[in-house]
Amino acid sequence: MAQLIFPKDFLWGAATASYQIEGGAADDGKGESIWDRFSHIPGKVTNGDTGDVACDHYHRYREDVRLMKELGLKGYRFSISWPRVFPNGRGAVNPQGIDFYNRLVDELLANGIEPAVTLYHWDLPQALQENGGWGNRAIVDDFAAYAAYLFDVLGDRVKKWITHNEPWVVAFAGHFQGRHAPGLTDLPLAVQVTHHLILSHAKAVQAYRASKHGDGQIGITLNLYPSVPASDSESDRAAATLVDGHNNRWFLDPVLKGEYPADILRLYQERLNSPVIEPGDMECIAASPMDFLGINYYFQKVVKHSEVHPILQFEEIKPEGSEYTAMNWEITPQGLTDLLVRLDRDYHHPDLYITENGAAFKDDRRDGGVVDDQDRLKFLQQHFAAAHRALEAGVKLKGYYVWSLMDNFEWAHGYGKRFGLIYIDYQTLERTWKKSALWYREVIRDNGL
Ligand SMILES: N=[N+]=NCCCCNC(=O)[C@@H]1[C@H]2[C@H](O)[C@@H](O)[C@H](O)[C@@H](CO)[C@@H]12
């Protein structure tokens with residue numbers, strides 16, 4: 001019998017993303033994405049892995065929905081490949097592309113699973129990147145048009161929409177660190193990209209309100225972290241405040257308060273002359289309230305002052321004695337409670353969903369025909385309990401999507417990092433249950449643990 005009971009109608013789900021699971025990278029009229037281009041550049045992805053085939057979900061989606069049904073999922077969060085629908089990013093639609101998503105949505109609904117659609121999960125049409133991509137303000141209208149089309153075609157059945165997945169990663173991993181597509185290393189550009197992402201989010205929200213199927217819910221998914229100073233020195237506490245601003249408040253404040261945080265805005269504009277904000281932009285952002293906020297939580301950050309960068313004067317540290325995942329991410333379940341309680345304290349926020357939480361482990365043990373991933377089961381147990389502590393503190397948490405439904409293409413790490421509840425053999429594409437999936441099925445059945 002479950003000890004920790006979750007609210008009635010708590011939405012237990014799992015999440016994936018198009019480039020990470022679909023494959024069919026050039027099938028049926030799909031256009032090239034920046035990740036198709038990036039993953040094929042030698043040296044960018046471990047082992048030279050690409051998303052050409054991935055989990056072949058594009059062809060195997062019926063089998064995968066059957067697995068979701070067996071899991072007892074209430075909801076499934078997935079993303080749409082923009083270039084599969086608009087091969088050139090704008091203009092002509094690819095009928096076979098939108099047909100795939102129509103079939104996927106119908107299959108989910110036929111199995112009693114609520115779809116939650118992410119409009120953008122990093123796979124920008126390459127044709128738009130040739131035009132400057134997220135660095136060119138024209139992208140804002142391209143994204144709004146792409147969103148409006150999907151609201152029109154899928155909005156009668158899809159009632160949960162997420163505009164962007166992790167704008168911080170899109171901007172800084174892709175345009176400053178260079179480790180994600182399009183592989184640029186230009187900090188002022190990365191900051192400008194954050195503004196175009198947030199503005200495009202607002203335009204998409206407004207397009208949703210104006211659409212004929214705009215009676216559902218729309219939000220954004222942010223990767224958020226508690227930011228803990230490595231010591232109580234003034235310089236480390238200042239570094240932690242800077243990381244909280246850079247990672248969290250720079251995104252939370254515009255989408256929840258309609259303004260950028262003054263400390264970070266001043267730092268960026270004085271030191272980077274970025275972002276350029278045009279008249280009317282902030283009014284547009286402020287006039288686009290969301291129905292929910294999606295939170296991707298993986299770990300908390302422990303931060304010390306550092307001169308390693310003249311502006312971003314912080315460095316994350318790895319505390320001794322902690323447990324770490326296969327990604328070398330510290331396991332900090334209490335950080336999830338602390339993050340949720342902080343959001344409740346500092347923001348007037350709409351409903352909250354954990355839109356991703358999970359962990360990579362080696363998954364190299366079998367117990368009969370099942371992968372024996374006790375480490376992932378324990379990770380989820382600890383984080384579900386942490387979410388329950390936030391609920392007990394009064395936080396309006398409405399649901400939880402585990403990352404990920406299945407092992408998949410882990411960006412620059414390729415296929416070597418496994419996050420799935422379901423194991424993928426990339427030679428045969430066979431799906432195999434893990435113990436964490438069998439355990440999750442009971443949590444969903446009992447609505448608690
Ligand atoms: N500051 N900083 N940190 C940069 C690293 C952030 C941690 N990784 C994520 O949030 C990505 C998110 C993504 O949605 C999914 O597509 C990825 O597969 C998972 C697993 O990696 C997570």
# chains A, B, ... in the order shown; residues from 1 in each chain; ligands from 1
>>> residues_around(residues="Tyr297 (chain A)", least_positions_apart="6", cutoff="12 Å", atoms="only C-alpha atoms", output="PyMOL selection string")
chain A and resi 166+221-226+248+329-340+353-359+380+383-384+386-387+400-403
>>> write_last_selection(atoms="N, CA, C and O atoms", output="short mmCIF file (atom, residue, chain, number, x, y, z; two decimals), in the first residue's frame")
data_model
loop_
_atom_site.label_atom_id
_atom_site.label_comp_id
_atom_site.auth_asym_id
_atom_site.auth_seq_id
_atom_site.Cartn_x
_atom_site.Cartn_y
_atom_site.Cartn_z
N GLU A 166 13.67 24.36 -22.75
CA GLU A 166 14.97 24.78 -22.22
C GLU A 166 15.66 25.86 -23.07
O GLU A 166 16.72 25.65 -23.65
N THR A 221 8.76 25.26 -21.06
CA THR A 221 9.55 24.38 -20.19
C THR A 221 10.93 25.00 -19.99
O THR A 221 11.65 25.28 -20.95
N LEU A 222 11.29 25.22 -18.72
CA LEU A 222 12.59 25.80 -18.37
C LEU A 222 13.42 24.79 -17.57
O LEU A 222 12.87 24.08 -16.72
N ASN A 223 14.73 24.74 -17.86
CA ASN A 223 15.62 23.94 -17.01
C ASN A 223 16.10 24.85 -15.88
O ASN A 223 16.71 25.88 -16.15
N LEU A 224 15.72 24.48 -14.68
CA LEU A 224 15.93 25.32 -13.51
C LEU A 224 16.76 24.57 -12.47
O LEU A 224 16.69 23.35 -12.38
N TYR A 225 17.53 25.34 -11.70
CA TYR A 225 18.43 24.74 -10.72
C TYR A 225 18.47 25.56 -9.45
O TYR A 225 18.68 26.77 -9.52
N PRO A 226 18.35 24.95 -8.25
CA PRO A 226 18.76 25.70 -7.07
C PRO A 226 20.24 26.04 -7.22
O PRO A 226 21.00 25.25 -7.77
N ASN A 248 18.14 30.95 -14.10
CA ASN A 248 16.73 30.86 -13.68
C ASN A 248 15.96 32.16 -13.94
O ASN A 248 15.02 32.20 -14.72
N TRP A 329 26.29 13.95 -13.01
CA TRP A 329 25.42 14.92 -12.36
C TRP A 329 25.17 14.46 -10.93
O TRP A 329 24.77 13.28 -10.71
N GLU A 330 25.34 15.41 -9.99
CA GLU A 330 25.13 15.05 -8.58
C GLU A 330 23.67 14.70 -8.35
O GLU A 330 22.77 15.34 -8.94
N ILE A 331 23.40 13.71 -7.54
CA ILE A 331 22.02 13.30 -7.23
C ILE A 331 21.55 14.09 -6.01
O ILE A 331 22.07 13.90 -4.90
N THR A 332 20.63 15.05 -6.25
CA THR A 332 20.20 15.98 -5.18
C THR A 332 18.68 16.10 -5.17
O THR A 332 18.12 17.14 -5.60
N PRO A 333 17.99 15.08 -4.69
CA PRO A 333 16.52 15.13 -4.72
C PRO A 333 15.94 16.28 -3.90
O PRO A 333 14.95 16.90 -4.30
N GLN A 334 16.57 16.62 -2.77
CA GLN A 334 16.05 17.73 -1.96
C GLN A 334 16.04 19.03 -2.76
O GLN A 334 15.21 19.92 -2.54
N GLY A 335 16.93 19.12 -3.74
CA GLY A 335 16.95 20.33 -4.59
C GLY A 335 15.67 20.52 -5.34
O GLY A 335 15.26 21.65 -5.61
N LEU A 336 14.97 19.42 -5.65
CA LEU A 336 13.67 19.56 -6.34
C LEU A 336 12.65 20.20 -5.42
O LEU A 336 11.93 21.13 -5.80
N THR A 337 12.61 19.74 -4.16
CA THR A 337 11.71 20.36 -3.17
C THR A 337 12.05 21.84 -3.02
O THR A 337 11.17 22.71 -3.10
N ASP A 338 13.32 22.12 -2.86
CA ASP A 338 13.76 23.51 -2.63
C ASP A 338 13.41 24.40 -3.81
O ASP A 338 12.93 25.53 -3.63
N LEU A 339 13.58 23.88 -5.02
CA LEU A 339 13.26 24.66 -6.23
C LEU A 339 11.77 24.97 -6.29
O LEU A 339 11.36 26.12 -6.51
N LEU A 340 10.94 23.98 -6.07
CA LEU A 340 9.48 24.17 -6.15
C LEU A 340 8.99 25.13 -5.08
O LEU A 340 8.18 26.03 -5.35
N TYR A 353 4.26 21.83 -13.72
CA TYR A 353 4.47 20.43 -14.10
C TYR A 353 5.96 20.16 -14.10
O TYR A 353 6.74 21.03 -14.56
N ILE A 354 6.37 19.01 -13.59
CA ILE A 354 7.73 18.56 -13.85
C ILE A 354 7.69 17.96 -15.25
O ILE A 354 7.06 16.90 -15.46
N THR A 355 8.26 18.66 -16.22
CA THR A 355 8.16 18.16 -17.60
C THR A 355 9.30 17.24 -17.97
O THR A 355 9.27 16.57 -19.01
N GLU A 356 10.35 17.22 -17.09
CA GLU A 356 11.42 16.22 -17.20
C GLU A 356 12.13 16.05 -15.86
O GLU A 356 12.41 17.03 -15.18
N ASN A 357 12.34 14.79 -15.50
CA ASN A 357 13.23 14.43 -14.40
C ASN A 357 13.60 12.98 -14.64
O ASN A 357 12.71 12.16 -14.93
N GLY A 358 14.87 12.66 -14.52
CA GLY A 358 15.30 11.28 -14.71
C GLY A 358 16.81 11.23 -14.64
O GLY A 358 17.46 12.22 -14.30
N ALA A 359 17.38 10.08 -14.97
CA ALA A 359 18.83 9.92 -14.82
C ALA A 359 19.37 8.86 -15.76
O ALA A 359 18.66 7.93 -16.14
N LEU A 380 14.30 7.78 -8.98
CA LEU A 380 12.92 8.23 -9.17
C LEU A 380 12.15 8.22 -7.84
O LEU A 380 11.42 9.14 -7.53
N HIS A 383 13.10 11.28 -5.96
CA HIS A 383 12.60 12.53 -6.54
C HIS A 383 11.08 12.62 -6.47
O HIS A 383 10.53 13.71 -6.28
N PHE A 384 10.40 11.50 -6.58
CA PHE A 384 8.94 11.53 -6.38
C PHE A 384 8.62 11.94 -4.93
O PHE A 384 7.71 12.73 -4.68
N ALA A 386 10.50 13.79 -3.08
CA ALA A 386 10.83 15.22 -2.98
C ALA A 386 9.69 16.07 -3.53
O ALA A 386 9.34 17.11 -2.97
N ALA A 387 9.09 15.61 -4.61
CA ALA A 387 7.93 16.33 -5.19
C ALA A 387 6.77 16.29 -4.20
O ALA A 387 6.06 17.30 -4.02
N TYR A 400 3.91 15.03 -13.57
CA TYR A 400 5.34 14.66 -13.56
C TYR A 400 5.61 13.79 -14.78
O TYR A 400 4.99 12.72 -14.92
N TYR A 401 6.46 14.27 -15.69
CA TYR A 401 6.84 13.47 -16.86
C TYR A 401 8.26 12.99 -16.64
O TYR A 401 9.19 13.79 -16.53
N VAL A 402 8.45 11.68 -16.58
CA VAL A 402 9.78 11.10 -16.39
C VAL A 402 10.58 11.22 -17.70
O VAL A 402 10.04 10.98 -18.79
N TRP A 403 11.82 11.68 -17.59
CA TRP A 403 12.72 11.61 -18.73
C TRP A 403 13.60 10.39 -18.59
O TRP A 403 14.39 10.32 -17.64
#
>>> closest_atom_pairs(of="chain A", to="ligand 1", cutoff="10 Å", atoms="only C-alpha atoms and all ligand atoms", output="tab-separated table")
residue	atom	partner	partner_atom_place_in_ligand_line	distance
A:Ala15	CA	ligand 1	15 (C)	8.9
A:Thr16	CA	ligand 1	16 (O)	7.2
A:Ala17	CA	ligand 1	16 (O)	6.3
A:Ser18	CA	ligand 1	16 (O)	9.2
A:Tyr19	CA	ligand 1	16 (O)	8.9
A:Gln20	CA	ligand 1	16 (O)	7.3
A:Ser79	CA	ligand 1	16 (O)	9.9
A:His121	CA	ligand 1	16 (O)	7.1
A:Trp122	CA	ligand 1	16 (O)	8.2
A:His164	CA	ligand 1	14 (O)	9.8
A:Asn165	CA	ligand 1	14 (O)	6.0
A:Glu166	CA	ligand 1	14 (O)	6.3
A:Pro167	CA	ligand 1	14 (O)	9.7
A:Trp168	CA	ligand 1	1 (N)	7.4
A:Val169	CA	ligand 1	4 (C)	6.1
A:Val170	CA	ligand 1	4 (C)	9.8
A:Phe172	CA	ligand 1	1 (N)	8.5
A:Ala173	CA	ligand 1	4 (C)	7.1
A:Gln177	CA	ligand 1	4 (C)	10.0
A:Thr221	CA	ligand 1	14 (O)	8.6
A:Leu222	CA	ligand 1	10 (O)	8.5
A:Asn223	CA	ligand 1	10 (O)	5.5
A:Leu224	CA	ligand 1	1 (N)	8.2
A:Tyr225	CA	ligand 1	1 (N)	8.0
A:Val243	CA	ligand 1	1 (N)	8.8
A:His246	CA	ligand 1	1 (N)	9.0
A:Asn247	CA	ligand 1	1 (N)	6.4
A:Asn248	CA	ligand 1	1 (N)	9.5
A:Ile295	CA	ligand 1	10 (O)	9.7
A:Asn296	CA	ligand 1	10 (O)	6.3
A:Tyr297	CA	ligand 1	10 (O)	7.1
A:Tyr298	CA	ligand 1	7 (C)	6.4
A:Phe299	CA	ligand 1	7 (C)	8.0
A:Gln300	CA	ligand 1	1 (N)	9.8
A:Lys301	CA	ligand 1	1 (N)	8.4
A:Glu316	CA	ligand 1	1 (N)	9.3
A:Met327	CA	ligand 1	21 (O)	8.0
A:Trp329	CA	ligand 1	7 (C)	8.6
A:Thr355	CA	ligand 1	14 (O)	8.8
A:Glu356	CA	ligand 1	14 (O)	7.0
A:Asn357	CA	ligand 1	22 (C)	8.0
A:Gly358	CA	ligand 1	20 (C)	7.8
A:Ala359	CA	ligand 1	20 (C)	7.5
A:Ala360	CA	ligand 1	20 (C)	8.0
A:Trp403	CA	ligand 1	19 (C)	7.0
A:Ser404	CA	ligand 1	18 (O)	7.7
A:Asp407	CA	ligand 1	18 (O)	9.3
A:Asn408	CA	ligand 1	18 (O)	7.7
A:Phe409	CA	ligand 1	18 (O)	7.4
A:Glu410	CA	ligand 1	18 (O)	5.1
A:Trp411	CA	ligand 1	18 (O)	6.8
A:Ala412	CA	ligand 1	21 (O)	9.5
A:His413	CA	ligand 1	21 (O)	8.9
A:Gly414	CA	ligand 1	18 (O)	10.0
A:Lys417	CA	ligand 1	21 (O)	8.8
A:Arg418	CA	ligand 1	20 (C)	9.2
A:Phe419	CA	ligand 1	20 (C)	7.3
A:Gly420	CA	ligand 1	18 (O)	9.9
>>> write_last_selection(atoms="C-alpha atoms", output="short mmCIF file (atom, residue, chain, number, x, y, z; two decimals), in the first residue's frame")
data_model
loop_
_atom_site.label_atom_id
_atom_site.label_comp_id
_atom_site.auth_asym_id
_atom_site.auth_seq_id
_atom_site.Cartn_x
_atom_site.Cartn_y
_atom_site.Cartn_z
CA ALA A 15 8.69 12.51 -22.10
CA THR A 16 10.73 12.28 -25.31
CA ALA A 17 11.82 14.59 -28.13
CA SER A 18 11.66 14.28 -31.92
CA TYR A 19 15.33 14.29 -32.90
CA GLN A 20 16.20 11.96 -30.03
CA SER A 79 8.06 17.24 -29.56
CA HIS A 121 12.97 20.80 -28.80
CA TRP A 122 16.16 21.97 -30.56
CA HIS A 164 10.06 25.91 -26.03
CA ASN A 165 12.14 23.27 -24.31
CA GLU A 166 14.97 24.78 -22.22
CA PRO A 167 15.69 28.13 -23.93
CA TRP A 168 18.85 28.38 -21.79
CA VAL A 169 20.32 25.30 -23.49
CA VAL A 170 19.19 26.44 -26.98
CA PHE A 172 24.03 29.03 -24.41
CA ALA A 173 24.90 25.41 -25.31
CA GLN A 177 29.52 26.90 -25.48
CA THR A 221 9.55 24.38 -20.19
CA LEU A 222 12.59 25.80 -18.37
CA ASN A 223 15.62 23.94 -17.01
CA LEU A 224 15.93 25.32 -13.51
CA TYR A 225 18.43 24.74 -10.72
CA VAL A 243 24.05 31.74 -11.56
CA HIS A 246 21.77 33.65 -15.48
CA ASN A 247 20.08 30.21 -15.39
CA ASN A 248 16.73 30.86 -13.68
CA ILE A 295 10.14 22.53 -15.06
CA ASN A 296 12.99 20.27 -16.13
CA TYR A 297 14.87 19.31 -12.97
CA TYR A 298 18.04 17.19 -12.96
CA PHE A 299 20.32 18.53 -10.24
CA GLN A 300 21.14 21.51 -8.08
CA LYS A 301 24.25 23.63 -8.73
CA GLU A 316 30.17 24.77 -10.67
CA MET A 327 26.30 11.98 -16.72
CA TRP A 329 25.42 14.92 -12.36
CA THR A 355 8.16 18.16 -17.60
CA GLU A 356 11.42 16.22 -17.20
CA ASN A 357 13.23 14.43 -14.40
CA GLY A 358 15.30 11.28 -14.71
CA ALA A 359 18.83 9.92 -14.82
CA ALA A 360 21.35 8.07 -16.93
CA TRP A 403 12.72 11.61 -18.73
CA SER A 404 12.65 9.46 -20.65
CA ASP A 407 16.72 5.31 -24.17
CA ASN A 408 17.50 7.77 -26.96
CA PHE A 409 20.04 10.05 -28.68
CA GLU A 410 21.56 12.04 -25.81
CA TRP A 411 22.75 14.98 -27.95
CA ALA A 412 26.56 15.40 -27.94
CA HIS A 413 26.86 12.21 -25.86
CA GLY A 414 25.15 10.08 -28.53
CA LYS A 417 23.96 7.67 -22.07
CA ARG A 418 20.72 5.81 -21.28
CA PHE A 419 17.85 7.73 -19.59
CA GLY A 420 14.98 5.45 -20.57
#
>>> closest_atom_pairs(of="region 173-203 of chain A", to="region 215-218 of chain A", cutoff="12 Å", atoms="only C-alpha atoms", output="JSON lines")
{"residue": "A:His201", "atom": "CA", "partner": "A:Ile218", "partner_atom": "CA", "distance": 9.9}
{"residue": "A:Ala202", "atom": "CA", "partner": "A:Ile218", "partner_atom": "CA", "distance": 10.5}
{"residue": "A:Lys203", "atom": "CA", "partner": "A:Ile218", "partner_atom": "CA", "distance": 11.9}
>>> closest_residue(among="A:Ile80, A:Leu391, A:Ala138, A:Leu184", to="Phe10 (chain A)", atoms="only C-alpha atoms")
A:Leu391
>>> atom_distance(atom1="CA of His213 (chain A)", atom2="CA of Leu197 (chain A)")
23.3 Å
>>> closest_residue(among="A:Arg342, A:Lys8, A:Lys304, A:Lys378", to="Lys318 (chain A)", atoms="only C-alpha atoms")
A:Lys304
>>> residues_around(residues="Gly178 (chain A)", least_positions_apart="3", cutoff="12 Å", atoms="only C-alpha atoms", output="ChimeraX atom specification")
/A:38,44-45,169-175,181-187,189-190,412
>>> residues_around(residues="region 50-63 of chain A", least_positions_apart="4", cutoff="6 Å", atoms="only C-alpha atoms", output="ChimeraX atom specification")
/A:21-25,39
>>> residues_around(residues="region 424-438 of chain A", least_positions_apart="4", cutoff="6 Å", atoms="only C-alpha atoms", output="PDB file with C-alpha atoms, in the first residue's frame")
ATOM      1  CA  VAL A 370      14.353  -7.286 -17.597  1.00  0.00           C
ATOM      2  CA  VAL A 371      17.093  -4.655 -17.244  1.00  0.00           C
ATOM      3  CA  ASP A 372      17.934  -4.417 -13.524  1.00  0.00           C
ATOM      4  CA  ASP A 373      18.235  -0.630 -13.100  1.00  0.00           C
ATOM      5  CA  LEU A 377      14.383   3.142  -9.559  1.00  0.00           C
ATOM      6  CA  ASP A 407      16.719   5.305 -24.173  1.00  0.00           C
TER       7      ASP A 407
END
